[in-house]
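The file model05.cif comes next; it holds mmCIF, N, CA and C atoms.
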```
data_start
#
loop_
_atom_site.label_atom_id
_atom_site.label_comp_id
_atom_site.auth_asym_id
_atom_site.auth_seq_id
_atom_site.Cartn_x
_atom_site.Cartn_y
_atom_site.Cartn_z
N MET A 1 97.01 84.18 25.72
CA MET A 1 97.85 84.75 26.76
C MET A 1 97.24 84.39 28.12
N THR A 2 98.06 83.96 29.03
CA THR A 2 97.58 83.65 30.38
C THR A 2 98.06 84.73 31.34
N PHE A 3 97.27 84.96 32.39
CA PHE A 3 97.56 85.99 33.37
C PHE A 3 97.67 85.37 34.75
N PRO A 4 98.50 85.93 35.63
CA PRO A 4 98.56 85.44 37.01
C PRO A 4 97.21 85.62 37.68
N LYS A 5 96.84 84.67 38.50
CA LYS A 5 95.53 84.69 39.16
C LYS A 5 95.30 85.97 39.97
N GLU A 6 96.37 86.51 40.59
CA GLU A 6 96.20 87.68 41.45
C GLU A 6 95.85 88.97 40.70
N VAL A 7 95.95 89.00 39.36
CA VAL A 7 95.58 90.19 38.60
C VAL A 7 94.18 90.08 37.99
N LEU A 8 93.52 88.96 38.21
CA LEU A 8 92.18 88.74 37.67
C LEU A 8 91.12 89.14 38.69
N THR A 9 90.01 89.67 38.19
CA THR A 9 88.88 90.04 39.04
C THR A 9 87.59 89.64 38.35
N LYS A 10 86.57 89.38 39.15
CA LYS A 10 85.29 88.94 38.63
C LYS A 10 84.26 90.04 38.84
N THR A 11 83.55 90.42 37.78
CA THR A 11 82.53 91.46 37.87
C THR A 11 81.25 90.89 38.48
N LYS A 12 80.33 91.78 38.82
CA LYS A 12 79.04 91.34 39.38
C LYS A 12 78.28 90.44 38.41
N SER A 13 78.48 90.67 37.12
CA SER A 13 77.81 89.85 36.12
C SER A 13 78.55 88.55 35.82
N GLY A 14 79.70 88.35 36.49
CA GLY A 14 80.42 87.09 36.34
C GLY A 14 81.54 87.10 35.31
N ASN A 15 81.76 88.21 34.65
CA ASN A 15 82.84 88.28 33.66
C ASN A 15 84.19 88.39 34.38
N ILE A 16 85.21 87.80 33.79
CA ILE A 16 86.56 87.89 34.33
C ILE A 16 87.29 89.01 33.60
N GLU A 17 87.95 89.89 34.39
CA GLU A 17 88.71 91.00 33.82
C GLU A 17 90.12 90.99 34.40
N VAL A 18 91.04 91.65 33.69
CA VAL A 18 92.42 91.77 34.12
C VAL A 18 92.65 93.21 34.59
N ARG A 19 93.21 93.37 35.80
CA ARG A 19 93.59 94.71 36.27
C ARG A 19 94.94 95.04 35.63
N VAL A 20 94.98 96.14 34.84
CA VAL A 20 96.16 96.52 34.07
C VAL A 20 96.73 97.83 34.60
N PHE A 21 98.01 97.86 34.89
CA PHE A 21 98.69 99.06 35.37
C PHE A 21 98.66 100.14 34.31
N LEU A 22 98.26 101.37 34.70
CA LEU A 22 98.27 102.50 33.77
C LEU A 22 99.38 103.49 34.11
N LYS A 23 99.43 103.93 35.34
CA LYS A 23 100.49 104.84 35.78
C LYS A 23 100.43 104.99 37.28
N ARG A 24 101.49 105.53 37.85
CA ARG A 24 101.52 105.81 39.29
C ARG A 24 102.12 107.18 39.47
N GLY A 25 101.89 107.76 40.65
CA GLY A 25 102.42 109.09 40.90
C GLY A 25 101.96 109.63 42.24
N GLU A 26 101.75 110.94 42.29
CA GLU A 26 101.33 111.63 43.50
C GLU A 26 99.92 112.18 43.30
N PHE A 27 99.27 112.53 44.41
CA PHE A 27 97.96 113.17 44.30
C PHE A 27 97.79 114.20 45.41
N VAL A 28 96.91 115.15 45.15
CA VAL A 28 96.47 116.12 46.16
C VAL A 28 94.95 116.11 46.12
N HIS A 29 94.33 115.97 47.29
CA HIS A 29 92.87 115.95 47.42
C HIS A 29 92.50 117.12 48.33
N TYR A 30 91.68 118.02 47.84
CA TYR A 30 91.29 119.15 48.67
C TYR A 30 89.82 119.49 48.49
N GLY A 31 89.28 120.18 49.49
CA GLY A 31 87.89 120.59 49.47
C GLY A 31 87.79 122.10 49.57
N TYR A 32 86.56 122.57 49.70
CA TYR A 32 86.29 123.99 49.77
C TYR A 32 85.54 124.32 51.05
N MET A 33 85.86 125.51 51.63
CA MET A 33 85.23 125.95 52.86
C MET A 33 84.56 127.30 52.62
N ASP A 34 83.39 127.48 53.21
CA ASP A 34 82.70 128.78 53.16
C ASP A 34 83.48 129.77 54.02
N VAL A 35 83.86 130.90 53.46
CA VAL A 35 84.67 131.89 54.17
C VAL A 35 83.94 132.45 55.40
N LYS A 36 82.63 132.66 55.29
CA LYS A 36 81.87 133.28 56.39
C LYS A 36 81.56 132.29 57.51
N THR A 37 81.06 131.11 57.15
CA THR A 37 80.61 130.15 58.17
C THR A 37 81.72 129.22 58.64
N LYS A 38 82.81 129.13 57.90
CA LYS A 38 83.93 128.22 58.18
C LYS A 38 83.52 126.75 58.10
N LYS A 39 82.40 126.47 57.42
CA LYS A 39 81.95 125.09 57.25
C LYS A 39 82.43 124.57 55.89
N MET A 40 82.81 123.29 55.89
CA MET A 40 83.23 122.67 54.64
C MET A 40 82.03 122.51 53.72
N LEU A 41 82.24 122.81 52.45
CA LEU A 41 81.20 122.66 51.43
C LEU A 41 81.27 121.25 50.87
N ASN A 42 80.21 120.84 50.25
CA ASN A 42 80.15 119.49 49.68
C ASN A 42 80.77 119.50 48.28
N LYS A 43 82.00 120.01 48.18
CA LYS A 43 82.74 120.12 46.92
C LYS A 43 84.17 119.67 47.17
N ALA A 44 84.75 119.01 46.21
CA ALA A 44 86.15 118.59 46.35
C ALA A 44 86.80 118.46 44.98
N LYS A 45 88.11 118.37 45.01
CA LYS A 45 88.87 118.21 43.79
C LYS A 45 90.05 117.29 44.09
N ILE A 46 90.46 116.54 43.09
CA ILE A 46 91.65 115.70 43.21
C ILE A 46 92.55 116.02 42.02
N ILE A 47 93.83 116.20 42.31
CA ILE A 47 94.81 116.48 41.26
C ILE A 47 95.83 115.35 41.29
N LEU A 48 96.02 114.73 40.14
CA LEU A 48 96.94 113.60 40.01
C LEU A 48 98.17 114.04 39.22
N LYS A 49 99.33 113.62 39.68
CA LYS A 49 100.58 113.92 38.95
C LYS A 49 101.31 112.60 38.75
N SER A 50 101.47 112.21 37.49
CA SER A 50 102.12 110.94 37.20
C SER A 50 103.63 111.08 37.34
N GLU A 51 104.31 109.95 37.32
CA GLU A 51 105.77 109.94 37.46
C GLU A 51 106.47 110.79 36.40
N ASN A 52 105.86 110.92 35.22
CA ASN A 52 106.47 111.72 34.15
C ASN A 52 106.13 113.21 34.27
N GLY A 53 105.38 113.59 35.32
CA GLY A 53 105.06 114.99 35.57
C GLY A 53 103.75 115.48 35.00
N LYS A 54 103.06 114.64 34.22
CA LYS A 54 101.77 115.04 33.64
C LYS A 54 100.74 115.19 34.77
N VAL A 55 99.96 116.29 34.71
CA VAL A 55 98.98 116.59 35.75
C VAL A 55 97.58 116.49 35.18
N GLU A 56 96.67 115.87 35.94
CA GLU A 56 95.25 115.78 35.59
C GLU A 56 94.43 116.19 36.81
N SER A 57 93.43 117.06 36.59
CA SER A 57 92.58 117.53 37.69
C SER A 57 91.15 117.05 37.47
N TYR A 58 90.50 116.65 38.57
CA TYR A 58 89.12 116.18 38.50
C TYR A 58 88.30 116.81 39.63
N PHE A 59 87.13 117.32 39.27
CA PHE A 59 86.16 117.72 40.28
C PHE A 59 85.48 116.46 40.77
N ILE A 60 85.26 116.34 42.08
CA ILE A 60 84.56 115.20 42.65
C ILE A 60 83.15 115.66 42.97
N ILE A 61 82.19 115.13 42.26
CA ILE A 61 80.80 115.56 42.39
C ILE A 61 80.00 114.48 43.10
N PRO A 62 79.46 114.79 44.29
CA PRO A 62 78.66 113.78 45.00
C PRO A 62 77.34 113.54 44.28
N LEU A 63 76.94 112.29 44.21
CA LEU A 63 75.66 111.93 43.61
C LEU A 63 74.62 111.74 44.72
N LYS A 64 73.37 111.61 44.35
CA LYS A 64 72.31 111.45 45.35
C LYS A 64 72.46 110.16 46.14
N GLN A 65 72.94 109.11 45.48
CA GLN A 65 73.17 107.85 46.18
C GLN A 65 74.33 108.01 47.15
N LYS A 66 74.18 107.49 48.35
CA LYS A 66 75.24 107.61 49.36
C LYS A 66 76.52 106.93 48.88
N ASP A 67 77.64 107.59 49.11
CA ASP A 67 78.97 107.07 48.77
C ASP A 67 79.19 106.83 47.27
N LYS A 68 78.46 107.58 46.43
CA LYS A 68 78.67 107.51 44.98
C LYS A 68 79.07 108.89 44.50
N PHE A 69 80.10 108.94 43.63
CA PHE A 69 80.63 110.20 43.15
C PHE A 69 80.89 110.13 41.66
N LEU A 70 80.85 111.27 41.02
CA LEU A 70 81.18 111.40 39.62
C LEU A 70 82.44 112.25 39.53
N LEU A 71 83.41 111.83 38.73
CA LEU A 71 84.62 112.62 38.50
C LEU A 71 84.48 113.33 37.16
N MET A 72 84.71 114.65 37.16
CA MET A 72 84.64 115.42 35.93
C MET A 72 86.01 116.03 35.68
N LYS A 73 86.62 115.66 34.56
CA LYS A 73 87.97 116.12 34.25
C LYS A 73 87.95 117.61 33.91
N GLU A 74 88.89 118.32 34.50
CA GLU A 74 89.01 119.75 34.25
C GLU A 74 89.83 119.96 32.98
N LYS A 75 89.38 120.84 32.10
CA LYS A 75 90.09 121.07 30.84
C LYS A 75 91.44 121.74 31.07
N GLU A 76 91.46 122.79 31.90
CA GLU A 76 92.69 123.52 32.16
C GLU A 76 93.30 123.05 33.48
N GLN A 77 94.55 122.65 33.45
CA GLN A 77 95.22 122.15 34.64
C GLN A 77 95.91 123.30 35.36
N LYS A 78 95.43 123.65 36.53
CA LYS A 78 96.03 124.74 37.32
C LYS A 78 96.91 124.12 38.40
N THR A 79 98.20 124.36 38.31
CA THR A 79 99.12 123.78 39.28
C THR A 79 99.81 124.84 40.15
N ASN A 80 99.49 126.11 39.92
CA ASN A 80 100.14 127.17 40.69
C ASN A 80 99.23 127.70 41.81
N ILE A 81 98.23 126.94 42.21
CA ILE A 81 97.31 127.38 43.25
C ILE A 81 97.89 127.13 44.64
N LYS A 82 97.33 127.80 45.62
CA LYS A 82 97.73 127.63 47.02
C LYS A 82 96.55 127.05 47.79
N LEU A 83 96.84 126.32 48.86
CA LEU A 83 95.82 125.70 49.71
C LEU A 83 96.01 126.16 51.15
N TRP A 84 94.95 126.14 51.92
CA TRP A 84 94.98 126.48 53.34
C TRP A 84 95.12 125.18 54.12
N ASP A 85 96.14 125.07 54.99
CA ASP A 85 96.35 123.84 55.76
C ASP A 85 95.82 123.95 57.19
N GLY A 86 95.05 125.01 57.46
CA GLY A 86 94.51 125.22 58.79
C GLY A 86 95.27 126.28 59.57
N LYS A 87 96.49 126.58 59.11
CA LYS A 87 97.34 127.59 59.76
C LYS A 87 97.93 128.58 58.77
N LYS A 88 98.27 128.07 57.57
CA LYS A 88 98.96 128.92 56.60
C LYS A 88 98.67 128.44 55.17
N SER A 89 99.10 129.27 54.22
CA SER A 89 99.00 128.95 52.80
C SER A 89 100.14 128.01 52.42
N ILE A 90 99.81 126.95 51.68
CA ILE A 90 100.84 126.00 51.22
C ILE A 90 100.72 125.80 49.71
N SER A 91 101.80 125.41 49.09
CA SER A 91 101.77 125.14 47.65
C SER A 91 101.13 123.77 47.40
N LEU A 92 100.67 123.60 46.21
CA LEU A 92 99.96 122.37 45.83
C LEU A 92 100.76 121.11 46.11
N TRP A 93 102.05 121.11 45.78
CA TRP A 93 102.87 119.92 45.92
C TRP A 93 103.82 120.00 47.11
N GLY A 94 103.63 120.98 47.98
CA GLY A 94 104.43 121.06 49.20
C GLY A 94 105.85 121.54 48.99
N ASP A 95 106.13 122.16 47.85
CA ASP A 95 107.49 122.65 47.57
C ASP A 95 107.75 123.91 48.37
#
```
Before we go any further, please render this structure as structure tokens.
Amino acid sequence: MTFPKEVLTKTKSGNIEVRVFLKRGEFVHYGYMDVKTKKMLNKAKIILKSENGKVESYFIIPLKQKDKFLLMKEKEQKTNIKLWDGKKSISLWGD
């Protein structure tokens, strides 16, 4: 099987790989703020919603190396939470 050149990528070790589409959809990225100090904490979460409505949540965990993060999948998907937009409470998907 041959692939179009624009979908091929070369790894650091020189191997050629194909970028394969998995799914597309919407996302929400939010962080946490200390209630007392009003300072943002070094914690974040990303929630992905695919076109078919399936939701996946991941905690974004910063690693010691600069600009490196670990994603940890959350077992229970909570989609009924509210977020603070700086002025008011908003729903996760803006409904």
Assign secondary structure with DSSP using the backbone only, and return the residues of range 11-87 of chain A in strand (DSSP E) as a short mmCIF file (atom, residue, chain, number, x, y, z; two decimals) with N, CA and C atoms, in the frame of the given file.
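The file below, result07.cif, is the result:
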```
data_model
loop_
_atom_site.label_atom_id
_atom_site.label_comp_id
_atom_site.auth_asym_id
_atom_site.auth_seq_id
_atom_site.Cartn_x
_atom_site.Cartn_y
_atom_site.Cartn_z
N ILE A 16 85.21 87.80 33.79
CA ILE A 16 86.56 87.89 34.33
C ILE A 16 87.29 89.01 33.60
N GLU A 17 87.95 89.89 34.39
CA GLU A 17 88.71 91.00 33.82
C GLU A 17 90.12 90.99 34.40
N VAL A 18 91.04 91.65 33.69
CA VAL A 18 92.42 91.77 34.12
C VAL A 18 92.65 93.21 34.59
N GLY A 25 101.89 107.76 40.65
CA GLY A 25 102.42 109.09 40.90
C GLY A 25 101.96 109.63 42.24
N GLU A 26 101.75 110.94 42.29
CA GLU A 26 101.33 111.63 43.50
C GLU A 26 99.92 112.18 43.30
N PHE A 27 99.27 112.53 44.41
CA PHE A 27 97.96 113.17 44.30
C PHE A 27 97.79 114.20 45.41
N VAL A 28 96.91 115.15 45.15
CA VAL A 28 96.47 116.12 46.16
C VAL A 28 94.95 116.11 46.12
N HIS A 29 94.33 115.97 47.29
CA HIS A 29 92.87 115.95 47.42
C HIS A 29 92.50 117.12 48.33
N TYR A 30 91.68 118.02 47.84
CA TYR A 30 91.29 119.15 48.67
C TYR A 30 89.82 119.49 48.49
N GLY A 31 89.28 120.18 49.49
CA GLY A 31 87.89 120.59 49.47
C GLY A 31 87.79 122.10 49.57
N TYR A 32 86.56 122.57 49.70
CA TYR A 32 86.29 123.99 49.77
C TYR A 32 85.54 124.32 51.05
N MET A 33 85.86 125.51 51.63
CA MET A 33 85.23 125.95 52.86
C MET A 33 84.56 127.30 52.62
N MET A 40 82.81 123.29 55.89
CA MET A 40 83.23 122.67 54.64
C MET A 40 82.03 122.51 53.72
N LEU A 41 82.24 122.81 52.45
CA LEU A 41 81.20 122.66 51.43
C LEU A 41 81.27 121.25 50.87
N ASN A 42 80.21 120.84 50.25
CA ASN A 42 80.15 119.49 49.68
C ASN A 42 80.77 119.50 48.28
N LYS A 43 82.00 120.01 48.18
CA LYS A 43 82.74 120.12 46.92
C LYS A 43 84.17 119.67 47.17
N ALA A 44 84.75 119.01 46.21
CA ALA A 44 86.15 118.59 46.35
C ALA A 44 86.80 118.46 44.98
N LYS A 45 88.11 118.37 45.01
CA LYS A 45 88.87 118.21 43.79
C LYS A 45 90.05 117.29 44.09
N ILE A 46 90.46 116.54 43.09
CA ILE A 46 91.65 115.70 43.21
C ILE A 46 92.55 116.02 42.02
N ILE A 47 93.83 116.20 42.31
CA ILE A 47 94.81 116.48 41.26
C ILE A 47 95.83 115.35 41.29
N LEU A 48 96.02 114.73 40.14
CA LEU A 48 96.94 113.60 40.01
C LEU A 48 98.17 114.04 39.22
N LYS A 49 99.33 113.62 39.68
CA LYS A 49 100.58 113.92 38.95
C LYS A 49 101.31 112.60 38.75
N SER A 50 101.47 112.21 37.49
CA SER A 50 102.12 110.94 37.20
C SER A 50 103.63 111.08 37.34
N VAL A 55 99.96 116.29 34.71
CA VAL A 55 98.98 116.59 35.75
C VAL A 55 97.58 116.49 35.18
N GLU A 56 96.67 115.87 35.94
CA GLU A 56 95.25 115.78 35.59
C GLU A 56 94.43 116.19 36.81
N SER A 57 93.43 117.06 36.59
CA SER A 57 92.58 117.53 37.69
C SER A 57 91.15 117.05 37.47
N TYR A 58 90.50 116.65 38.57
CA TYR A 58 89.12 116.18 38.50
C TYR A 58 88.30 116.81 39.63
N PHE A 59 87.13 117.32 39.27
CA PHE A 59 86.16 117.72 40.28
C PHE A 59 85.48 116.46 40.77
N ILE A 60 85.26 116.34 42.08
CA ILE A 60 84.56 115.20 42.65
C ILE A 60 83.15 115.66 42.97
N ILE A 61 82.19 115.13 42.26
CA ILE A 61 80.80 115.56 42.39
C ILE A 61 80.00 114.48 43.10
N PRO A 62 79.46 114.79 44.29
CA PRO A 62 78.66 113.78 45.00
C PRO A 62 77.34 113.54 44.28
N PHE A 69 80.10 108.94 43.63
CA PHE A 69 80.63 110.20 43.15
C PHE A 69 80.89 110.13 41.66
N LEU A 70 80.85 111.27 41.02
CA LEU A 70 81.18 111.40 39.62
C LEU A 70 82.44 112.25 39.53
N LEU A 71 83.41 111.83 38.73
CA LEU A 71 84.62 112.62 38.50
C LEU A 71 84.48 113.33 37.16
N MET A 72 84.71 114.65 37.16
CA MET A 72 84.64 115.42 35.93
C MET A 72 86.01 116.03 35.68
N LYS A 73 86.62 115.66 34.56
CA LYS A 73 87.97 116.12 34.25
C LYS A 73 87.95 117.61 33.91
N LYS A 82 97.33 127.80 45.62
CA LYS A 82 97.73 127.63 47.02
C LYS A 82 96.55 127.05 47.79
N LEU A 83 96.84 126.32 48.86
CA LEU A 83 95.82 125.70 49.71
C LEU A 83 96.01 126.16 51.15
N TRP A 84 94.95 126.14 51.92
CA TRP A 84 94.98 126.48 53.34
C TRP A 84 95.12 125.18 54.12
#
```
- [ ] To one decimal in Å, tell me the separation between atom N of Leu92 in chain A and CA of Ile61 in chain A.
- [x]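 One can read the atom N of Leu92 in chain A to CA of Ile61 in chain A distance as 21.8 Å.
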TODO: One decimal, Å: what's the distance from CA of Gln65 in chain A over to atom C of Thr37 in chain A, could you say?
DONE: 26.2 Å
Task: Test item: residues at most 12 Å from Phe3 in chain A, only C-alpha atoms, excluding those fewer than 5 positions along its chain, as a PyMOL selection string - done: chain A and resi 8-9+16-20
Open item on the list: My list of candidates is A:Ile90, A:Pro62, A:Glu76, A:Leu70. Which is closest to Asn42 in chain A when distances are computed with only C-alpha atoms?
Closed with: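 Comparing A:Ile90, A:Pro62, A:Glu76, A:Leu70 against Asn42 in chain A, the winner is A:Pro62.
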Could you list, as a PDB file with N, CA and C atoms, in the frame of the given file, every residue within 8 Å of Leu41 in chain A, counting only N, CA and C atoms and ignoring same-chain residues fewer than 3 positions away?
```pdb
ATOM      1  N   GLY A  31      89.280 120.180  49.490  1.00  0.00           N
ATOM      2  CA  GLY A  31      87.890 120.590  49.470  1.00  0.00           C
ATOM      3  C   GLY A  31      87.790 122.100  49.570  1.00  0.00           C
ATOM      4  N   TYR A  32      86.560 122.570  49.700  1.00  0.00           N
ATOM      5  CA  TYR A  32      86.290 123.990  49.770  1.00  0.00           C
ATOM      6  C   TYR A  32      85.540 124.320  51.050  1.00  0.00           C
ATOM      7  N   MET A  33      85.860 125.510  51.630  1.00  0.00           N
ATOM      8  CA  MET A  33      85.230 125.950  52.860  1.00  0.00           C
ATOM      9  C   MET A  33      84.560 127.300  52.620  1.00  0.00           C
ATOM     10  N   ASP A  34      83.390 127.480  53.210  1.00  0.00           N
ATOM     11  CA  ASP A  34      82.700 128.780  53.160  1.00  0.00           C
ATOM     12  C   ASP A  34      83.480 129.770  54.020  1.00  0.00           C
ATOM     13  N   LYS A  38      82.810 129.130  57.900  1.00  0.00           N
ATOM     14  CA  LYS A  38      83.930 128.220  58.180  1.00  0.00           C
ATOM     15  C   LYS A  38      83.520 126.750  58.100  1.00  0.00           C
ATOM     16  N   ALA A  44      84.750 119.010  46.210  1.00  0.00           N
ATOM     17  CA  ALA A  44      86.150 118.590  46.350  1.00  0.00           C
ATOM     18  C   ALA A  44      86.800 118.460  44.980  1.00  0.00           C
TER      19      ALA A  44
END
```
Open item on the list: Using all atoms listed in the file, can you tell me which of A:Phe59, A:Phe27, A:Ile46, A:Lys88 comes closest to Met72 in chain A?
Closed with: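 Result for the nearest residue to Met72 in chain A: A:Phe59.
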Proximity check range 15-39 of chain A to range 50-58 of chain A, 6 Å, nearest pairs one decimal Å, only N, CA and C atoms, as a Markdown table:
```
| residue | atom | partner | partner_atom | distance |
| --- | --- | --- | --- | --- |
| A:Arg24 | C | A:Glu51 | N | 4.1 |
| A:Gly25 | CA | A:Glu51 | N | 4.1 |
| A:Glu26 | N | A:Ser50 | N | 5.0 |
```
Selected residues written out with N, CA and C atoms, as a PDB file, in the frame of the given file:
```
ATOM      1  N   ARG A  24     101.490 105.530  37.850  1.00  0.00           N
ATOM      2  CA  ARG A  24     101.520 105.810  39.290  1.00  0.00           C
ATOM      3  C   ARG A  24     102.120 107.180  39.470  1.00  0.00           C
ATOM      4  N   GLY A  25     101.890 107.760  40.650  1.00  0.00           N
ATOM      5  CA  GLY A  25     102.420 109.090  40.900  1.00  0.00           C
ATOM      6  C   GLY A  25     101.960 109.630  42.240  1.00  0.00           C
ATOM      7  N   GLU A  26     101.750 110.940  42.290  1.00  0.00           N
ATOM      8  CA  GLU A  26     101.330 111.630  43.500  1.00  0.00           C
ATOM      9  C   GLU A  26      99.920 112.180  43.300  1.00  0.00           C
TER      10      GLU A  26
END
```
- [ ] In Å, rounded to a single decimal, give me how far atom C of Ile47 in chain A is from atom N of Ser89 in chain A.
- [x] 19.3 Å
Task: Distance criterion (all atoms listed in the file): nearest to His29 in chain A out of A:Met1, A:Asn80, A:Lys45, A:Ser91 - done: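 Of A:Met1, A:Asn80, A:Lys45, A:Ser91, the one nearest His29 in chain A is A:Lys45, counting all atoms listed in the file.
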Task: Top pick for closest residue to Thr79 in chain A, considering A:Trp93, A:Lys66, A:Tyr30, A:Lys5 and counting only N, CA and C atoms - done: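 Smallest distance to Thr79 in chain A is found for A:Trp93.
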